[in-house]
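So this one's model.csv, CSV, C-alpha atoms:
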```csv
chain,number,residue,atom,x,y,z
K,1,MET,CA,0.0,0.0,0.0
K,2,LYS,CA,1.3,3.4,-1.0
K,3,ILE,CA,0.3,7.0,-0.3
K,4,THR,CA,-1.0,8.7,-3.5
K,5,ARG,CA,-2.3,12.1,-2.4
K,6,LEU,CA,-2.6,14.5,0.5
K,7,GLU,CA,-5.5,17.0,0.3
K,8,THR,CA,-6.3,19.8,2.8
K,9,PHE,CA,-9.6,21.5,3.6
K,10,ARG,CA,-10.2,24.7,5.5
K,11,VAL,CA,-13.3,23.9,7.6
K,12,PRO,CA,-15.1,26.6,9.6
K,13,PRO,CA,-14.9,27.7,12.2
K,14,ARG,CA,-11.1,27.5,12.4
K,15,TRP,CA,-10.0,24.0,11.5
K,16,LEU,CA,-7.8,22.4,8.8
K,17,PHE,CA,-8.6,18.8,7.8
K,18,LEU,CA,-6.3,16.5,5.9
K,19,LYS,CA,-7.2,13.5,3.8
K,20,ILE,CA,-4.5,11.1,2.8
K,21,ASP,CA,-5.4,8.7,0.0
K,22,THR,CA,-3.7,5.4,-0.9
K,23,ASP,CA,-3.6,3.1,-3.9
K,24,ALA,CA,-5.6,0.5,-1.8
K,25,GLY,CA,-8.6,2.8,-1.8
K,26,ILE,CA,-8.3,3.4,1.9
K,27,SER,CA,-8.1,7.0,3.1
K,28,GLY,CA,-7.3,8.5,6.5
K,29,TRP,CA,-8.1,11.8,8.2
K,30,GLY,CA,-6.1,14.2,10.4
K,31,GLU,CA,-6.1,17.8,11.7
K,32,PRO,CA,-2.8,19.5,10.9
K,33,ILE,CA,-3.9,22.9,12.3
K,34,LEU,CA,-2.3,25.6,14.4
K,35,GLU,CA,-5.1,28.0,15.3
K,36,GLY,CA,-4.9,31.2,13.2
K,37,ARG,CA,-2.3,29.7,10.9
K,38,ALA,CA,-4.4,27.5,8.5
K,39,GLY,CA,-2.7,28.9,5.4
K,40,THR,CA,0.8,28.3,6.8
K,41,LEU,CA,-0.1,24.7,7.7
K,42,GLU,CA,-1.6,24.1,4.2
K,43,ALA,CA,1.6,25.2,2.6
K,44,LEU,CA,3.8,23.1,4.9
K,45,VAL,CA,1.6,20.0,4.4
K,46,ASN,CA,1.9,20.5,0.6
K,47,GLU,CA,5.7,20.7,1.0
K,48,LEU,CA,5.9,17.6,3.1
K,49,SER,CA,3.7,15.7,0.7
K,50,GLU,CA,6.7,15.4,-1.6
K,51,MET,CA,8.4,13.0,0.9
K,52,LEU,CA,5.2,11.1,1.6
K,53,ILE,CA,3.9,10.2,-1.9
K,54,GLY,CA,4.8,6.6,-2.6
K,55,HIS,CA,5.5,5.9,1.1
K,56,ASP,CA,3.8,2.9,2.9
K,57,PRO,CA,1.3,4.6,5.2
K,58,ARG,CA,1.6,1.8,7.7
K,59,ARG,CA,5.3,2.7,8.4
K,60,ILE,CA,4.1,5.4,10.8
K,61,ASN,CA,7.3,5.6,12.9
K,62,ASP,CA,9.4,5.9,9.8
K,63,ALA,CA,7.3,8.6,8.4
K,64,TRP,CA,7.3,10.5,11.7
K,65,GLN,CA,11.1,10.4,12.0
K,66,MET,CA,11.5,11.3,8.3
K,67,LEU,CA,9.3,14.4,8.7
K,68,TYR,CA,10.9,15.4,12.0
K,69,ARG,CA,14.5,14.9,11.3
K,70,ASN,CA,14.7,16.0,7.6
K,71,GLY,CA,16.8,19.1,7.3
K,72,CYS,CA,18.6,21.1,9.9
K,73,TYR,CA,15.6,22.5,11.8
K,74,ARG,CA,13.1,20.6,13.8
K,75,GLY,CA,10.4,21.1,16.4
K,76,GLY,CA,8.3,24.2,17.0
K,77,PRO,CA,4.5,24.7,16.7
K,78,VAL,CA,4.3,24.9,12.9
K,79,LEU,CA,6.3,21.7,12.0
K,80,MET,CA,4.9,19.7,14.8
K,81,SER,CA,1.3,20.7,14.0
K,82,ALA,CA,1.9,19.5,10.4
K,83,ILE,CA,3.4,16.2,11.6
K,84,SER,CA,0.5,15.8,14.0
K,85,GLY,CA,-2.2,15.8,11.3
K,86,ILE,CA,-0.2,13.5,9.1
K,87,ASP,CA,0.4,11.1,12.0
K,88,GLN,CA,-3.3,11.0,12.8
K,89,ALA,CA,-4.2,10.2,9.3
K,90,LEU,CA,-1.6,7.4,9.0
K,91,TRP,CA,-2.9,5.8,12.2
K,92,ASP,CA,-6.5,6.1,10.7
K,93,ILE,CA,-5.4,4.4,7.5
K,94,THR,CA,-3.5,1.6,9.4
K,95,GLY,CA,-6.5,0.9,11.6
K,96,LYS,CA,-8.9,0.8,8.7
K,97,ALA,CA,-6.6,-1.5,6.7
K,98,LEU,CA,-6.7,-4.0,9.6
K,99,GLY,CA,-10.3,-3.4,10.6
K,100,VAL,CA,-9.4,-2.4,14.2
K,101,PRO,CA,-9.4,0.9,16.2
K,102,VAL,CA,-6.1,2.6,16.7
K,103,HIS,CA,-6.1,1.7,20.4
K,104,ALA,CA,-6.1,-2.0,19.5
K,105,LEU,CA,-2.8,-1.4,17.7
K,106,LEU,CA,-1.4,0.3,20.8
K,107,GLY,CA,-2.1,-2.6,23.2
K,108,GLY,CA,-5.8,-2.2,23.7
K,109,THR,CA,-8.0,0.1,25.7
K,110,GLN,CA,-7.6,0.5,29.5
K,111,ARG,CA,-10.9,2.3,29.8
K,112,ASP,CA,-14.3,2.3,28.1
K,113,ARG,CA,-15.0,6.0,28.6
K,114,VAL,CA,-13.3,9.1,29.8
K,115,ARG,CA,-14.7,12.0,31.7
K,116,SER,CA,-15.1,15.2,29.6
K,117,TYR,CA,-15.5,18.9,30.1
K,118,ILE,CA,-16.7,21.8,28.0
K,119,TRP,CA,-16.0,25.5,27.9
K,120,ILE,CA,-18.1,28.2,29.4
K,121,GLY,CA,-17.8,32.0,29.5
K,122,GLY,CA,-16.1,33.0,26.3
K,123,ASP,CA,-12.8,34.8,25.7
K,124,ARG,CA,-13.7,37.4,28.3
K,125,PRO,CA,-15.5,35.4,31.0
K,126,ARG,CA,-19.2,36.4,31.3
K,127,ASP,CA,-22.5,34.7,32.1
K,128,LEU,CA,-20.7,32.0,33.9
K,129,VAL,CA,-23.5,30.9,36.2
K,130,ALA,CA,-26.1,30.4,33.5
K,131,GLN,CA,-23.7,28.6,31.2
K,132,ALA,CA,-22.5,26.4,34.0
K,133,ARG,CA,-26.1,25.4,34.9
K,134,SER,CA,-26.7,24.6,31.3
K,135,ALA,CA,-23.7,22.3,31.3
K,136,MET,CA,-25.0,20.5,34.3
K,137,GLU,CA,-28.4,20.1,32.7
K,138,ALA,CA,-26.6,18.5,29.7
K,139,GLY,CA,-25.0,16.0,32.1
K,140,PHE,CA,-21.5,17.4,32.4
K,141,THR,CA,-19.7,17.3,35.8
K,142,ALA,CA,-16.9,19.6,34.9
K,143,VAL,CA,-16.3,22.9,32.9
K,144,LYS,CA,-13.4,25.2,32.1
K,145,MET,CA,-13.3,28.9,31.7
K,146,ASN,CA,-10.9,31.8,31.2
K,147,ILE,CA,-10.6,33.7,34.5
K,148,CYS,CA,-10.0,37.2,33.3
K,149,ASP,CA,-9.8,39.8,30.5
K,150,GLU,CA,-6.5,41.6,29.9
K,151,LEU,CA,-4.4,41.7,33.1
K,152,ALA,CA,-1.4,44.0,33.5
K,153,VAL,CA,2.0,42.5,34.6
K,154,VAL,CA,1.2,44.1,38.0
K,155,ASP,CA,-2.5,44.9,38.3
K,156,SER,CA,-4.7,46.4,41.0
K,157,HIS,CA,-6.2,44.6,44.0
K,158,ALA,CA,-9.5,45.9,42.8
K,159,GLU,CA,-9.1,43.9,39.5
K,160,ILE,CA,-8.0,40.8,41.5
K,161,ASP,CA,-11.1,41.2,43.7
K,162,ARG,CA,-13.3,41.4,40.6
K,163,ILE,CA,-11.9,38.1,39.3
K,164,VAL,CA,-12.2,36.3,42.6
K,165,THR,CA,-15.7,37.6,43.2
K,166,ARG,CA,-16.9,36.5,39.8
K,167,LEU,CA,-15.5,33.0,40.3
K,168,ALA,CA,-16.7,32.8,43.9
K,169,GLU,CA,-20.2,33.6,42.8
K,170,LEU,CA,-20.0,30.7,40.3
K,171,ARG,CA,-18.8,28.3,43.0
K,172,GLU,CA,-21.6,29.3,45.3
K,173,ALA,CA,-24.2,28.9,42.5
K,174,VAL,CA,-23.1,25.3,41.5
K,175,GLY,CA,-21.7,24.1,44.8
K,176,LEU,CA,-19.4,21.1,44.6
K,177,GLN,CA,-21.7,19.3,42.1
K,178,LEU,CA,-19.6,20.8,39.2
K,179,ASP,CA,-15.8,20.8,39.0
K,180,LEU,CA,-14.3,24.1,37.8
K,181,ALA,CA,-11.1,24.3,35.9
K,182,PHE,CA,-9.6,27.8,35.8
K,183,ASP,CA,-7.6,28.8,32.7
K,184,PHE,CA,-5.2,31.7,33.1
K,185,HIS,CA,-4.4,31.3,29.4
K,186,GLY,CA,-1.0,32.8,29.8
K,187,ARG,CA,-2.7,36.2,30.4
K,188,VAL,CA,-1.5,36.3,34.0
K,189,HIS,CA,2.2,37.3,34.5
K,190,ALA,CA,4.2,35.8,37.4
K,191,PRO,CA,3.6,38.7,39.9
K,192,MET,CA,-0.2,38.4,39.7
K,193,ALA,CA,-0.2,34.6,39.3
K,194,ARG,CA,1.4,34.4,42.8
K,195,VAL,CA,-1.6,36.4,44.2
K,196,LEU,CA,-4.3,34.6,42.2
K,197,VAL,CA,-3.3,31.0,42.9
K,198,ARG,CA,-3.7,31.6,46.6
K,199,GLU,CA,-6.8,33.7,46.3
K,200,LEU,CA,-8.5,31.1,44.2
K,201,GLU,CA,-7.4,28.1,46.2
K,202,PRO,CA,-10.5,28.2,48.6
K,203,LEU,CA,-12.7,27.8,45.5
K,204,ARG,CA,-11.2,24.3,45.1
K,205,PRO,CA,-10.5,24.3,41.3
K,206,LEU,CA,-10.0,21.0,39.6
K,207,PHE,CA,-6.8,22.5,38.2
K,208,ILE,CA,-5.3,25.8,37.1
K,209,GLU,CA,-4.2,25.9,33.5
K,210,ASP,CA,-1.3,27.9,32.0
K,211,ALA,CA,-0.8,29.9,35.3
K,212,VAL,CA,2.0,31.7,33.5
K,213,ALA,CA,3.0,32.1,29.9
K,214,PRO,CA,5.1,29.4,28.2
K,215,GLY,CA,8.8,29.6,28.9
K,216,GLN,CA,8.3,30.6,32.6
K,217,LEU,CA,9.3,27.2,34.0
K,218,GLU,CA,11.0,28.7,37.1
K,219,ALA,CA,7.9,30.8,37.9
K,220,LEU,CA,5.7,27.8,37.4
K,221,ARG,CA,7.8,25.7,39.7
K,222,GLU,CA,7.6,28.4,42.4
K,223,LEU,CA,3.8,28.6,42.0
K,224,SER,CA,3.5,24.9,42.4
K,225,ARG,CA,5.1,25.2,45.8
K,226,LEU,CA,2.7,28.0,46.8
K,227,THR,CA,-0.6,26.1,46.2
K,228,SER,CA,-2.2,22.7,46.7
K,229,THR,CA,-4.2,23.3,43.5
K,230,PRO,CA,-2.9,21.1,40.6
K,231,LEU,CA,-1.2,23.2,38.0
K,232,ALA,CA,-1.7,22.2,34.3
K,233,VAL,CA,0.5,23.0,31.4
K,234,GLY,CA,1.4,21.7,28.0
K,235,GLU,CA,-0.8,22.9,25.2
K,236,ARG,CA,1.9,25.3,23.9
K,237,MET,CA,4.8,22.8,24.3
K,238,HIS,CA,6.1,20.9,21.3
K,239,SER,CA,8.9,18.6,22.3
K,240,ARG,CA,9.9,15.9,24.7
K,241,ALA,CA,12.8,18.0,25.8
K,242,GLU,CA,10.4,20.7,27.0
K,243,PHE,CA,8.4,18.1,29.0
K,244,LYS,CA,11.5,16.5,30.3
K,245,ALA,CA,12.5,19.8,31.9
K,246,LEU,CA,9.0,20.3,33.2
K,247,PHE,CA,8.9,16.9,34.9
K,248,GLU,CA,12.3,17.2,36.4
K,249,ALA,CA,11.4,20.6,37.9
K,250,ARG,CA,8.3,19.0,39.4
K,251,ALA,CA,6.5,22.2,38.2
K,252,ALA,CA,3.1,20.7,37.2
K,253,GLN,CA,0.8,18.0,38.4
K,254,VAL,CA,-1.3,17.8,35.1
K,255,ILE,CA,-0.1,18.1,31.5
K,256,ASN,CA,-2.4,18.9,28.6
K,257,PRO,CA,-0.4,18.3,25.4
K,258,ASP,CA,-2.3,18.8,22.2
K,259,PRO,CA,-2.2,15.9,19.7
K,260,CYS,CA,-2.6,18.5,16.9
K,261,HIS,CA,0.5,20.4,18.0
K,262,MET,CA,2.7,17.8,19.7
K,263,GLY,CA,3.4,15.4,16.9
K,264,GLY,CA,0.1,13.5,16.8
K,265,ILE,CA,-0.9,10.3,18.5
K,266,THR,CA,2.6,8.9,18.3
K,267,GLU,CA,4.3,11.7,20.2
K,268,THR,CA,1.5,12.4,22.7
K,269,ILE,CA,1.5,8.8,23.9
K,270,ARG,CA,5.2,9.0,24.4
K,271,ILE,CA,4.7,12.2,26.5
K,272,GLY,CA,1.8,10.5,28.4
K,273,ALA,CA,4.1,7.6,29.3
K,274,MET,CA,6.8,10.0,30.5
K,275,ALA,CA,4.3,11.8,32.6
K,276,GLU,CA,3.1,8.5,34.2
K,277,ALA,CA,6.7,7.9,35.4
K,278,TYR,CA,6.5,11.1,37.3
K,279,ASP,CA,2.9,10.4,38.6
K,280,VAL,CA,1.7,13.4,36.6
K,281,ALA,CA,-1.9,13.3,35.2
K,282,LEU,CA,-2.8,13.6,31.5
K,283,ALA,CA,-5.7,15.7,30.2
K,284,PRO,CA,-5.2,16.1,26.4
K,285,HIS,CA,-5.9,19.6,25.0
K,286,CYS,CA,-8.6,19.7,22.3
K,287,PRO,CA,-10.5,23.0,21.5
K,288,LEU,CA,-10.5,21.9,17.8
K,289,GLY,CA,-12.5,19.6,15.5
K,290,PRO,CA,-13.9,16.1,15.5
K,291,ILE,CA,-10.8,14.4,14.0
K,292,ALA,CA,-8.7,16.0,16.8
K,293,LEU,CA,-11.1,14.7,19.4
K,294,ALA,CA,-11.1,11.2,17.9
K,295,ALA,CA,-7.3,11.2,18.1
K,296,CYS,CA,-7.5,12.3,21.7
K,297,LEU,CA,-9.9,9.5,22.6
K,298,GLN,CA,-7.5,6.9,21.2
K,299,ILE,CA,-4.8,8.3,23.5
K,300,ASP,CA,-7.1,8.4,26.5
K,301,ALA,CA,-7.9,4.8,25.8
K,302,VAL,CA,-4.3,3.6,26.3
K,303,CYS,CA,-2.7,6.1,28.7
K,304,HIS,CA,-3.4,5.0,32.3
K,305,ASN,CA,-2.9,8.5,33.7
K,306,ALA,CA,-5.5,10.1,31.4
K,307,PHE,CA,-8.3,11.4,33.6
K,308,ILE,CA,-10.3,14.0,31.7
K,309,GLN,CA,-10.8,15.1,28.1
K,310,GLU,CA,-11.5,18.6,26.7
K,311,GLN,CA,-13.9,19.0,23.8
K,312,SER,CA,-15.1,21.9,21.7
K,313,LEU,CA,-18.8,21.3,21.7
K,314,GLY,CA,-20.4,24.8,21.8
K,315,ILE,CA,-17.1,26.5,22.5
K,316,HIS,CA,-17.2,30.3,21.9
K,317,TYR,CA,-15.0,30.0,18.8
K,318,ASN,CA,-17.4,27.7,17.0
K,319,SER,CA,-19.2,30.2,14.8
K,320,GLY,CA,-20.1,28.8,11.3
K,321,GLY,CA,-19.5,25.2,12.4
K,322,ASP,CA,-19.6,23.0,15.4
K,323,LEU,CA,-18.0,19.8,16.6
K,324,LEU,CA,-20.4,17.3,15.1
K,325,ASP,CA,-21.3,18.9,11.8
K,326,THR,CA,-18.8,17.1,9.6
K,327,LEU,CA,-19.4,13.6,11.1
K,328,ALA,CA,-21.7,11.0,9.5
K,329,PRO,CA,-24.9,10.5,11.6
K,330,GLU,CA,-23.9,7.0,12.6
K,331,SER,CA,-20.5,8.3,13.8
K,332,GLN,CA,-21.4,10.9,16.4
K,333,PHE,CA,-19.5,10.9,19.7
K,334,VAL,CA,-21.5,9.4,22.6
K,335,CYS,CA,-21.4,11.4,25.8
K,336,GLU,CA,-23.3,10.1,28.8
K,337,ASP,CA,-23.2,11.4,32.4
K,338,GLY,CA,-20.3,13.6,31.6
K,339,PHE,CA,-18.3,10.8,30.0
K,340,LEU,CA,-17.2,10.4,26.4
K,341,HIS,CA,-17.3,6.8,25.1
K,342,ILE,CA,-14.1,5.5,23.5
K,343,PRO,CA,-14.9,4.9,19.8
K,344,ASP,CA,-14.4,1.2,18.8
K,345,GLY,CA,-14.7,1.6,15.0
K,346,PRO,CA,-11.7,1.0,12.7
K,347,GLY,CA,-9.0,3.6,12.6
K,348,LEU,CA,-9.9,6.7,14.6
K,349,GLY,CA,-13.4,5.3,15.0
K,350,ILE,CA,-15.2,8.0,13.2
K,351,VAL,CA,-16.7,8.5,9.8
K,352,VAL,CA,-16.1,11.9,8.2
K,353,ASP,CA,-18.8,13.1,5.9
K,354,GLU,CA,-16.6,14.1,3.0
K,355,ASP,CA,-19.4,15.8,1.1
K,356,VAL,CA,-20.1,18.1,4.1
K,357,VAL,CA,-16.4,18.8,4.5
K,358,ARG,CA,-16.1,19.8,0.9
K,359,ASP,CA,-19.1,22.0,1.2
K,360,TYR,CA,-17.8,23.7,4.3
K,361,ALA,CA,-14.3,24.1,2.6
K,362,GLU,CA,-16.0,26.0,-0.2
K,363,LYS,CA,-16.9,28.6,2.4
K,364,GLY,CA,-13.5,28.3,4.1
K,365,HIS,CA,-12.2,30.5,6.8
K,366,ASP,CA,-9.4,32.9,7.7
K,367,TRP,CA,-9.6,32.8,11.5
K,368,ARG,CA,-7.2,34.9,13.5
K,369,ALA,CA,-6.8,35.4,17.2
K,370,PRO,CA,-7.9,38.8,18.4
K,371,VAL,CA,-5.4,41.6,19.1
K,372,TRP,CA,-5.8,42.8,22.7
K,373,ARG,CA,-4.3,45.9,24.2
K,374,HIS,CA,-3.9,47.1,27.8
K,375,LYS,CA,-5.3,50.5,28.9
K,376,ASP,CA,-1.9,52.1,28.2
K,377,GLY,CA,-2.0,50.9,24.6
K,378,SER,CA,0.6,48.1,24.9
K,379,ILE,CA,-0.1,44.7,23.5
K,380,ALA,CA,-1.8,42.3,26.0
K,381,GLU,CA,-1.7,38.5,26.1
K,382,TRP,CA,-4.7,36.9,24.5
```
Could you rewrite the structure in this file as structure tokens?
Amino acid sequence: MKITRLETFRVPPRWLFLKIDTDAGISGWGEPILEGRAGTLEALVNELSEMLIGHDPRRINDAWQMLYRNGCYRGGPVLMSAISGIDQALWDITGKALGVPVHALLGGTQRDRVRSYIWIGGDRPRDLVAQARSAMEAGFTAVKMNICDELAVVDSHAEIDRIVTRLAELREAVGLQLDLAFDFHGRVHAPMARVLVRELEPLRPLFIEDAVAPGQLEALRELSRLTSTPLAVGERMHSRAEFKALFEARAAQVINPDPCHMGGITETIRIGAMAEAYDVALAPHCPLGPIALAACLQIDAVCHNAFIQEQSLGIHYNSGGDLLDTLAPESQFVCEDGFLHIPDGPGLGIVVDEDVVRDYAEKGHDWRAPVWRHKDGSIAEW
């Protein structure tokens, strides 16, 4: 079996799908996307296709290393996101060729379902109580939210109080029936993160995500010693070397690598195994499309330390398309009592409705992250 073609589709709201065809009539799907950089990833996938045409798609490890090690430069968000989508599609092809789910090729599933959470509140957190109650009515037992708007490197106690009051009102409204994950989203610099992790601790968050921006390992390590709340990091990390340093620093208790940015299923499972050796929990990042979620669920199935799965159903970015739109009716994800079932169909376990994908791709998208500024006019972290 040989690869014959790679074809990309810009699918609203902000996704990039990849279809890899073979001369055996078997095709696989992946998501080689970096949010806001769909055009860049399309161009890179097209460049990489020159190495993949004629390659046996079942030689996944060989293809991964070829794409990663070719040339002098490696790693980084763009290359690793391209490799991710290709890797997902190759696993999909291999599973379909053998008639088994990907997790069967990885030793078999350790769980039948995984707990899941959805987003509430939007980019600038508002209407949290109403949205949290809606999530509970839909059966979810956990939600995640951004905790703040723009926040200065050293901000006022009045602003800290506004953040804490908003989240305290949410906790009071839902009690302990709903777990709350607080995402700092890298918007909070180290001086204010020191204040907030302590102020928010009495609200008993499930975890705090991206308490400081990437690259602030020393600050993250210090924060980890200031609070009993688990700290989560990983969505903006792209190499085993970065995670090695994180684990050795004992700076986080949860990692959330993204299988669309980390090198696909292949590399995320490696990172999950590394994390298990340090007794660090795994919660794969997934604010993207259905192929990305299907890949995450294959990882959740085989990684013992996986405990919860993000999904993008109804997320505030999903304007012009939502999680389930491009899946065939018989291939919808099953979510019951706040748990997502592990798909057991061949490959990634989903059936992509190609006609719908092509129709959506005709509309396309050019999604960009917003540009935020502080009150003094300087650029703020989004």
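One distance worth recording is that between atom CA of K:Leu246 and atom CA of K:Arg74, which is 19.8 Å.
If you count only C-alpha atoms and ignore residues fewer than 4 places along the chain from stretch 198-200 of chain K, what sits within 8 Å of it is Val164, Arg194, Arg204, Pro205, Leu226 and Thr227 of chain K.
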Closest to K:Phe9 among K:Ala63, K:Ala43, K:Ile26, K:Ala295, using all atoms listed in the file?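 Closest candidate: K:Ala43.
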Fewer than 5 positions away in the same chain doesn't count, so skip those; otherwise give me all residues within 7 Å of K:Leu206, counting all atoms listed in the file, as a PyMOL selection string. chain K and resi 179-181
Could you please take those selected residues and save C-alpha atoms as a short mmCIF file (atom, residue, chain, number, x, y, z; two decimals), keeping the file's coordinate frame?
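Produced file selection_3.cif, reproduced below:
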```cif
data_model
loop_
_atom_site.label_atom_id
_atom_site.label_comp_id
_atom_site.auth_asym_id
_atom_site.auth_seq_id
_atom_site.Cartn_x
_atom_site.Cartn_y
_atom_site.Cartn_z
CA ASP K 179 -15.80 20.80 39.00
CA LEU K 180 -14.30 24.10 37.80
CA ALA K 181 -11.10 24.30 35.90
#
```
Kindly assemble as JSON lines a list of the stretch 267-339 of chain K residues that lie within 9 Å of stretch 122-131 of chain K, each paired with its nearest atom pair and their distance in Å to one decimal, using all atoms listed in the file, sorted first by chain and then by ascending residue number.
```
{"residue": "K:Ile315", "atom": "CA", "partner": "K:Gly122", "partner_atom": "CA", "distance": 7.6}
{"residue": "K:His316", "atom": "CA", "partner": "K:Gly122", "partner_atom": "CA", "distance": 5.3}
{"residue": "K:Tyr317", "atom": "CA", "partner": "K:Gly122", "partner_atom": "CA", "distance": 8.2}
```
Residues within 9 Å of stretch 11-21 of chain K, please, as a VMD selection string. Count only C-alpha atoms; anything in the same chain fewer than 2 positions from it doesn't count. chain K and resid 2 to 9 23 to 36 38 to 39 41 to 42 45 85 to 86 89 to 90 93 288 to 289 291 317 to 322 326 357 to 368
Measuring between all atoms listed in the file, which one of K:Gly99, K:Ile308, K:Leu220, K:Glu172 shows the shortest distance to K:Pro202? K:Glu172
Given all atoms listed in the file as the basis, pick out the residue of K:Gly347, K:Ala252, K:Arg113, K:Phe207 nearest to K:Arg225.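 Smallest distance to K:Arg225 is found for K:Ala252.
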How far is it from atom CA of K:Ile271 to atom CA of K:Ala292, in Å with one decimal? 17.0 Å
Is there a way to get, as a list in words, all residues within 12 Å of the point (-2.8, 44.7, 47.5) in file coordinates, counting only C-alpha atoms?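 Answer for this query, in the requested form: Val154, Asp155, Ser156, His157, Ala158, Glu159, Ile160, Asp161, Pro191, Met192, Val195, Leu196 and Glu199 of chain K.
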Take the residues that were just selected and, keeping C-alpha atoms, output them as a short mmCIF file (atom, residue, chain, number, x, y, z; two decimals), in the coordinates of the input.
```cif
data_model
loop_
_atom_site.label_atom_id
_atom_site.label_comp_id
_atom_site.auth_asym_id
_atom_site.auth_seq_id
_atom_site.Cartn_x
_atom_site.Cartn_y
_atom_site.Cartn_z
CA VAL K 154 1.20 44.10 38.00
CA ASP K 155 -2.50 44.90 38.30
CA SER K 156 -4.70 46.40 41.00
CA HIS K 157 -6.20 44.60 44.00
CA ALA K 158 -9.50 45.90 42.80
CA GLU K 159 -9.10 43.90 39.50
CA ILE K 160 -8.00 40.80 41.50
CA ASP K 161 -11.10 41.20 43.70
CA PRO K 191 3.60 38.70 39.90
CA MET K 192 -0.20 38.40 39.70
CA VAL K 195 -1.60 36.40 44.20
CA LEU K 196 -4.30 34.60 42.20
CA GLU K 199 -6.80 33.70 46.30
#
```
Can you tell me how far atom CA of K:Pro346 sits from atom CA of K:His103, in Å to one decimal? 9.5 Å
